[in-house]
$ cat query_22.cif   # mmCIF, N, CA and C atoms and all ligand atoms
data_input
#
loop_
_atom_site.group_PDB
_atom_site.id
_atom_site.type_symbol
_atom_site.label_atom_id
_atom_site.label_comp_id
_atom_site.auth_asym_id
_atom_site.auth_seq_id
_atom_site.Cartn_x
_atom_site.Cartn_y
_atom_site.Cartn_z
ATOM 1 N N MET A 931 -30.780 -7.237 -11.150
ATOM 2 C CA MET A 931 -30.443 -6.170 -12.086
ATOM 3 C C MET A 931 -28.965 -6.224 -12.450
ATOM 4 N N ARG A 932 -28.695 -6.086 -13.706
ATOM 5 C CA ARG A 932 -27.294 -6.118 -14.129
ATOM 6 C C ARG A 932 -26.608 -4.801 -13.808
ATOM 7 N N ARG A 933 -25.399 -4.941 -13.421
ATOM 8 C CA ARG A 933 -24.647 -3.730 -13.186
ATOM 9 C C ARG A 933 -23.803 -3.434 -14.409
ATOM 10 N N GLY A 934 -24.092 -2.363 -15.033
ATOM 11 C CA GLY A 934 -23.308 -1.957 -16.198
ATOM 12 C C GLY A 934 -22.014 -1.305 -15.761
ATOM 13 N N ARG A 935 -21.349 -0.721 -16.677
ATOM 14 C CA ARG A 935 -20.126 -0.021 -16.324
ATOM 15 C C ARG A 935 -20.522 1.233 -15.559
ATOM 16 N N SER A 936 -20.088 1.299 -14.347
ATOM 17 C CA SER A 936 -20.496 2.411 -13.503
ATOM 18 C C SER A 936 -19.554 3.595 -13.679
ATOM 19 N N MET A 937 -19.800 4.593 -12.899
ATOM 20 C CA MET A 937 -18.960 5.783 -12.915
ATOM 21 C C MET A 937 -17.583 5.486 -12.324
ATOM 22 N N VAL A 938 -17.539 4.418 -11.559
ATOM 23 C CA VAL A 938 -16.305 4.098 -10.860
ATOM 24 C C VAL A 938 -15.300 3.469 -11.818
ATOM 25 N N ASN A 939 -14.110 3.966 -11.812
ATOM 26 C CA ASN A 939 -13.055 3.350 -12.610
ATOM 27 C C ASN A 939 -12.582 2.067 -11.963
ATOM 28 N N ARG A 940 -12.449 1.052 -12.793
ATOM 29 C CA ARG A 940 -11.911 -0.204 -12.273
ATOM 30 C C ARG A 940 -10.397 -0.156 -12.335
ATOM 31 N N CYS A 941 -9.806 -0.845 -11.390
ATOM 32 C CA CYS A 941 -8.357 -0.960 -11.392
ATOM 33 C C CYS A 941 -7.930 -1.668 -12.674
ATOM 34 N N ASN A 942 -6.964 -1.138 -13.396
ATOM 35 C CA ASN A 942 -6.599 -1.763 -14.664
ATOM 36 C C ASN A 942 -5.660 -2.955 -14.504
ATOM 37 N N LEU A 943 -5.308 -3.255 -13.278
ATOM 38 C CA LEU A 943 -4.467 -4.427 -13.053
ATOM 39 C C LEU A 943 -5.279 -5.668 -12.719
ATOM 40 N N CYS A 944 -6.192 -5.530 -11.785
ATOM 41 C CA CYS A 944 -6.966 -6.708 -11.399
ATOM 42 C C CYS A 944 -8.383 -6.669 -11.961
ATOM 43 N N LYS A 945 -8.814 -5.520 -12.437
ATOM 44 C CA LYS A 945 -10.148 -5.332 -13.031
ATOM 45 C C LYS A 945 -11.282 -5.697 -12.088
ATOM 46 N N GLU A 946 -10.961 -5.779 -10.844
ATOM 47 C CA GLU A 946 -11.981 -6.201 -9.894
ATOM 48 C C GLU A 946 -12.399 -5.087 -8.959
ATOM 49 N N ASN A 947 -11.424 -4.294 -8.583
ATOM 50 C CA ASN A 947 -11.730 -3.327 -7.558
ATOM 51 C C ASN A 947 -11.707 -1.911 -8.091
ATOM 52 N N GLU A 948 -12.295 -1.076 -7.295
ATOM 53 C CA GLU A 948 -12.312 0.330 -7.613
ATOM 54 C C GLU A 948 -10.885 0.869 -7.656
ATOM 55 N N GLU A 949 -10.629 1.685 -8.635
ATOM 56 C CA GLU A 949 -9.281 2.215 -8.780
ATOM 57 C C GLU A 949 -9.073 3.408 -7.857
ATOM 58 N N SER A 950 -8.930 3.116 -6.590
ATOM 59 C CA SER A 950 -8.660 4.187 -5.642
ATOM 60 C C SER A 950 -7.182 4.176 -5.311
ATOM 61 N N ALA A 951 -6.715 5.283 -4.781
ATOM 62 C CA ALA A 951 -5.312 5.342 -4.382
ATOM 63 C C ALA A 951 -5.003 4.252 -3.360
ATOM 64 N N ASP A 952 -5.938 4.051 -2.445
ATOM 65 C CA ASP A 952 -5.730 3.029 -1.420
ATOM 66 C C ASP A 952 -5.570 1.651 -2.034
ATOM 67 N N HIS A 953 -6.401 1.380 -3.004
ATOM 68 C CA HIS A 953 -6.322 0.077 -3.653
ATOM 69 C C HIS A 953 -5.003 -0.077 -4.412
ATOM 70 N N ILE A 954 -4.693 0.886 -5.222
ATOM 71 C CA ILE A 954 -3.496 0.810 -6.061
ATOM 72 C C ILE A 954 -2.225 0.727 -5.228
ATOM 73 N N LEU A 955 -2.180 1.504 -4.169
ATOM 74 C CA LEU A 955 -0.939 1.583 -3.401
ATOM 75 C C LEU A 955 -0.731 0.436 -2.428
ATOM 76 N N ILE A 956 -1.784 -0.056 -1.839
ATOM 77 C CA ILE A 956 -1.534 -1.092 -0.836
ATOM 78 C C ILE A 956 -2.323 -2.384 -0.989
ATOM 79 N N HIS A 957 -3.385 -2.395 -1.775
ATOM 80 C CA HIS A 957 -4.210 -3.600 -1.773
ATOM 81 C C HIS A 957 -4.140 -4.467 -3.012
ATOM 82 N N CYS A 958 -3.855 -3.858 -4.137
ATOM 83 C CA CYS A 958 -3.948 -4.617 -5.364
ATOM 84 C C CYS A 958 -2.890 -5.724 -5.422
ATOM 85 N N GLY A 959 -3.329 -6.912 -5.770
ATOM 86 C CA GLY A 959 -2.543 -8.130 -5.906
ATOM 87 C C GLY A 959 -1.081 -8.079 -5.508
ATOM 88 N N LYS A 960 -0.233 -7.789 -6.480
ATOM 89 C CA LYS A 960 1.207 -7.837 -6.271
ATOM 90 C C LYS A 960 1.699 -6.831 -5.239
ATOM 91 N N LYS A 961 0.988 -5.733 -5.097
ATOM 92 C CA LYS A 961 1.384 -4.696 -4.143
ATOM 93 C C LYS A 961 1.299 -5.243 -2.731
ATOM 94 N N ARG A 962 0.218 -5.952 -2.522
ATOM 95 C CA ARG A 962 0.002 -6.565 -1.224
ATOM 96 C C ARG A 962 1.146 -7.518 -0.885
ATOM 97 N N GLU A 963 1.546 -8.298 -1.883
ATOM 98 C CA GLU A 963 2.680 -9.214 -1.694
ATOM 99 C C GLU A 963 3.957 -8.467 -1.362
ATOM 100 N N LEU A 964 4.141 -7.375 -2.067
ATOM 101 C CA LEU A 964 5.319 -6.544 -1.874
ATOM 102 C C LEU A 964 5.403 -6.021 -0.444
ATOM 103 N N TRP A 965 4.279 -5.530 0.034
ATOM 104 C CA TRP A 965 4.220 -5.020 1.405
ATOM 105 C C TRP A 965 4.502 -6.120 2.412
ATOM 106 N N THR A 966 3.883 -7.247 2.199
ATOM 107 C CA THR A 966 4.047 -8.358 3.128
ATOM 108 C C THR A 966 5.506 -8.796 3.185
ATOM 109 N N LEU A 967 6.116 -8.871 2.009
ATOM 110 C CA LEU A 967 7.520 -9.247 1.897
ATOM 111 C C LEU A 967 8.399 -8.252 2.648
ATOM 112 N N LEU A 968 8.116 -7.014 2.390
ATOM 113 C CA LEU A 968 8.886 -5.945 2.993
ATOM 114 C C LEU A 968 8.777 -5.951 4.507
ATOM 115 N N LEU A 969 7.544 -6.097 4.990
ATOM 116 C CA LEU A 969 7.327 -6.105 6.425
ATOM 117 C C LEU A 969 8.013 -7.293 7.075
ATOM 118 N N SER A 970 7.945 -8.431 6.422
ATOM 119 C CA SER A 970 8.561 -9.610 7.024
ATOM 120 C C SER A 970 10.082 -9.505 6.993
ATOM 121 N N SER A 971 10.626 -8.749 6.044
ATOM 122 C CA SER A 971 12.067 -8.554 6.025
ATOM 123 C C SER A 971 12.516 -7.695 7.208
ATOM 124 N N PHE A 972 11.600 -6.927 7.748
ATOM 125 C CA PHE A 972 11.885 -6.180 8.966
ATOM 126 C C PHE A 972 11.514 -6.986 10.212
ATOM 127 N N GLY A 973 11.004 -8.154 9.985
ATOM 128 C CA GLY A 973 10.580 -8.992 11.096
ATOM 129 C C GLY A 973 9.300 -8.486 11.741
ATOM 130 N N VAL A 974 8.472 -7.862 10.941
ATOM 131 C CA VAL A 974 7.278 -7.243 11.481
ATOM 132 C C VAL A 974 6.034 -7.996 11.036
ATOM 133 N N VAL A 975 5.191 -8.288 12.005
ATOM 134 C CA VAL A 975 3.875 -8.806 11.652
ATOM 135 C C VAL A 975 2.900 -7.678 11.906
ATOM 136 N N TRP A 976 2.185 -7.327 10.881
ATOM 137 C CA TRP A 976 1.418 -6.094 10.956
ATOM 138 C C TRP A 976 0.025 -6.303 10.426
ATOM 139 N N VAL A 977 -0.929 -5.817 11.154
ATOM 140 C CA VAL A 977 -2.296 -5.856 10.643
ATOM 141 C C VAL A 977 -2.442 -4.696 9.674
ATOM 142 N N PHE A 978 -2.815 -5.047 8.468
ATOM 143 C CA PHE A 978 -2.807 -4.053 7.422
ATOM 144 C C PHE A 978 -4.007 -3.123 7.469
ATOM 145 N N PRO A 979 -3.767 -1.830 7.546
ATOM 146 C CA PRO A 979 -4.894 -0.891 7.547
ATOM 147 C C PRO A 979 -5.531 -0.792 6.170
ATOM 148 N N ALA A 980 -6.793 -0.399 6.151
ATOM 149 C CA ALA A 980 -7.523 -0.329 4.889
ATOM 150 C C ALA A 980 -7.142 0.886 4.067
ATOM 151 N N LEU A 981 -6.695 1.915 4.729
ATOM 152 C CA LEU A 981 -6.452 3.165 4.036
ATOM 153 C C LEU A 981 -4.997 3.593 4.116
ATOM 154 N N VAL A 982 -4.542 4.198 3.051
ATOM 155 C CA VAL A 982 -3.179 4.716 3.016
ATOM 156 C C VAL A 982 -2.942 5.688 4.171
ATOM 157 N N ARG A 983 -3.945 6.496 4.423
ATOM 158 C CA ARG A 983 -3.849 7.473 5.504
ATOM 159 C C ARG A 983 -3.560 6.800 6.848
ATOM 160 N N ASN A 984 -4.286 5.728 7.113
ATOM 161 C CA ASN A 984 -4.079 5.001 8.363
ATOM 162 C C ASN A 984 -2.718 4.335 8.399
ATOM 163 N N LEU A 985 -2.320 3.841 7.234
ATOM 164 C CA LEU A 985 -1.024 3.187 7.147
ATOM 165 C C LEU A 985 0.067 4.156 7.578
ATOM 166 N N LEU A 986 0.005 5.357 7.063
ATOM 167 C CA LEU A 986 1.034 6.339 7.388
ATOM 168 C C LEU A 986 0.961 6.766 8.849
ATOM 169 N N LEU A 987 -0.258 6.820 9.376
ATOM 170 C CA LEU A 987 -0.423 7.194 10.782
ATOM 171 C C LEU A 987 0.122 6.113 11.715
ATOM 172 N N GLU A 988 -0.047 4.880 11.288
ATOM 173 C CA GLU A 988 0.338 3.775 12.166
ATOM 174 C C GLU A 988 1.745 3.270 11.901
ATOM 175 N N TRP A 989 2.416 3.935 10.995
ATOM 176 C CA TRP A 989 3.731 3.475 10.570
ATOM 177 C C TRP A 989 4.791 3.773 11.636
ATOM 178 N N LYS A 990 4.632 3.131 12.753
ATOM 179 C CA LYS A 990 5.621 3.293 13.814
ATOM 180 C C LYS A 990 5.851 1.939 14.449
ATOM 181 N N ILE A 991 7.100 1.663 14.686
ATOM 182 C CA ILE A 991 7.393 0.431 15.385
ATOM 183 C C ILE A 991 8.343 0.750 16.519
ATOM 184 N N LYS A 992 7.925 0.319 17.675
ATOM 185 C CA LYS A 992 8.791 0.542 18.827
ATOM 186 C C LYS A 992 9.896 -0.489 18.839
ATOM 187 N N GLY A 993 11.037 -0.066 19.343
ATOM 188 C CA GLY A 993 12.103 -1.027 19.565
ATOM 189 C C GLY A 993 13.016 -1.245 18.371
ATOM 190 N N LEU A 994 12.799 -0.499 17.289
ATOM 191 C CA LEU A 994 13.782 -0.547 16.212
ATOM 192 C C LEU A 994 14.941 0.354 16.623
ATOM 193 N N GLY A 995 16.140 -0.008 16.193
ATOM 194 C CA GLY A 995 17.279 0.848 16.491
ATOM 195 C C GLY A 995 17.146 2.165 15.766
ATOM 196 N N LYS A 996 18.019 3.086 16.095
ATOM 197 C CA LYS A 996 17.955 4.409 15.494
ATOM 198 C C LYS A 996 18.112 4.335 13.975
ATOM 199 N N LYS A 997 19.090 3.556 13.562
ATOM 200 C CA LYS A 997 19.395 3.446 12.145
ATOM 201 C C LYS A 997 18.251 2.763 11.391
ATOM 202 N N ARG A 998 17.760 1.694 11.960
ATOM 203 C CA ARG A 998 16.677 0.952 11.305
ATOM 204 C C ARG A 998 15.390 1.758 11.263
ATOM 205 N N SER A 999 15.122 2.519 12.305
ATOM 206 C CA SER A 999 13.869 3.265 12.296
ATOM 207 C C SER A 999 13.940 4.432 11.308
ATOM 208 N N ALA A 1000 15.131 4.927 11.050
ATOM 209 C CA ALA A 1000 15.282 5.954 10.013
ATOM 210 C C ALA A 1000 14.944 5.369 8.651
ATOM 211 N N VAL A 1001 15.434 4.173 8.412
ATOM 212 C CA VAL A 1001 15.127 3.470 7.166
ATOM 213 C C VAL A 1001 13.637 3.172 7.090
ATOM 214 N N TRP A 1002 13.133 2.685 8.203
ATOM 215 C CA TRP A 1002 11.727 2.313 8.291
ATOM 216 C C TRP A 1002 10.792 3.457 7.910
ATOM 217 N N ARG A 1003 11.145 4.647 8.362
ATOM 218 C CA ARG A 1003 10.292 5.802 8.055
ATOM 219 C C ARG A 1003 10.265 6.118 6.562
ATOM 220 N N LEU A 1004 11.344 5.780 5.877
ATOM 221 C CA LEU A 1004 11.416 6.078 4.442
ATOM 222 C C LEU A 1004 10.726 5.029 3.579
ATOM 223 N N VAL A 1005 10.502 3.881 4.177
ATOM 224 C CA VAL A 1005 9.979 2.758 3.408
ATOM 225 C C VAL A 1005 8.657 3.057 2.684
ATOM 226 N N PRO A 1006 7.634 3.550 3.394
ATOM 227 C CA PRO A 1006 6.364 3.757 2.676
ATOM 228 C C PRO A 1006 6.478 4.805 1.583
ATOM 229 N N ILE A 1007 7.261 5.819 1.820
ATOM 230 C CA ILE A 1007 7.427 6.882 0.824
ATOM 231 C C ILE A 1007 8.077 6.326 -0.443
ATOM 232 N N CYS A 1008 9.143 5.559 -0.256
ATOM 233 C CA CYS A 1008 9.828 4.954 -1.394
ATOM 234 C C CYS A 1008 8.914 4.007 -2.157
ATOM 235 N N LEU A 1009 8.202 3.227 -1.392
ATOM 236 C CA LEU A 1009 7.344 2.218 -2.013
ATOM 237 C C LEU A 1009 6.200 2.862 -2.787
ATOM 238 N N PHE A 1010 5.597 3.875 -2.203
ATOM 239 C CA PHE A 1010 4.524 4.592 -2.893
ATOM 240 C C PHE A 1010 5.053 5.201 -4.180
ATOM 241 N N TRP A 1011 6.241 5.752 -4.063
ATOM 242 C CA TRP A 1011 6.884 6.388 -5.207
ATOM 243 C C TRP A 1011 7.079 5.381 -6.342
ATOM 244 N N CYS A 1012 7.601 4.235 -5.994
ATOM 245 C CA CYS A 1012 7.859 3.192 -6.994
ATOM 246 C C CYS A 1012 6.564 2.698 -7.634
ATOM 247 N N ILE A 1013 5.591 2.410 -6.787
ATOM 248 C CA ILE A 1013 4.321 1.869 -7.281
ATOM 249 C C ILE A 1013 3.644 2.885 -8.177
ATOM 250 N N TRP A 1014 3.663 4.127 -7.745
ATOM 251 C CA TRP A 1014 3.002 5.176 -8.497
ATOM 252 C C TRP A 1014 3.665 5.356 -9.861
ATOM 253 N N GLY A 1015 4.985 5.313 -9.869
ATOM 254 C CA GLY A 1015 5.722 5.443 -11.117
ATOM 255 C C GLY A 1015 5.429 4.312 -12.081
ATOM 256 N N GLU A 1016 5.255 3.135 -11.510
ATOM 257 C CA GLU A 1016 4.973 1.948 -12.291
ATOM 258 C C GLU A 1016 3.582 2.022 -12.922
ATOM 259 N N GLN A 1017 2.687 2.607 -12.156
ATOM 260 C CA GLN A 1017 1.291 2.665 -12.551
ATOM 261 C C GLN A 1017 1.069 3.601 -13.740
ATOM 262 N N ASN A 1018 1.838 4.676 -13.775
ATOM 263 C CA ASN A 1018 1.593 5.694 -14.795
ATOM 264 C C ASN A 1018 2.581 5.640 -15.967
HETATM 265 ZN ZN ZN B 1 -6.359 -3.873 -8.482
#
$ encode --input "query_22.cif" --output "structure tokens"
Amino acid sequence: MRRGRSMVNRCNLCKENEESADHILIHCGKKRELWTLLLSSFGVVWVFPALVRNLLLEWKIKGLGKKRSAVWRLVPICLFWCIWGEQN
């Protein structure tokens, strides 16, 4: 059976996946690269959670200095902000 255009909005960037916040913010093509780049700049190897909610819950790294961990905490907020602004 052919699948017609469903009720689900497709992501307008990759046209492949459902346009969910999780997809747009952390999974869609270039975003994923951005996250990976960012994490590696902190020297972090991280298993990527599927959901934004989990990402924020797990956004803790032990052993960062005080200054770096302050920056680290701001990273997802800034990135979401940028991506969201770009999207709209
Ligand atoms: Zn996409």
$ resolve_selection --input "query_22.cif" --expression "the PyMOL selection byres (((not hetatm)) within 7 of (chain B and resi 1))" --output "PyMOL selection string"
chain A and resi 940-949+953-954+957-959
$ residues_around --input "query_22.cif" --residues "segment 977-982 of chain A" --least-positions-apart "6" --cutoff "7 Å" --atoms "only N, CA and C atoms" --output "ChimeraX atom specification"
/A:951-953,956
$ atom_distance --input "query_22.cif" --atom1 "atom CA of Gly993 of chain A" --atom2 "atom CA of Leu1009 of chain A"
22.3 Å
$ atom_distance --input "query_22.cif" --atom1 "atom N of Glu963 of chain A" --atom2 "atom C of Leu994 of chain A"
24.4 Å
$ residues_near_point --input "query_22.cif" --point "(15.3, -3.9, 11.7)" --cutoff "7 Å" --atoms "all atoms listed in the file" --output "list of chain:residue names"
A:Ser971, A:Phe972, A:Gly973, A:Leu994, A:Gly995, A:Arg998, A:Ser999
$ atom_distance --input "query_22.cif" --atom1 "atom N of Val975 of chain A" --atom2 "atom N of Arg1003 of chain A"
14.7 Å
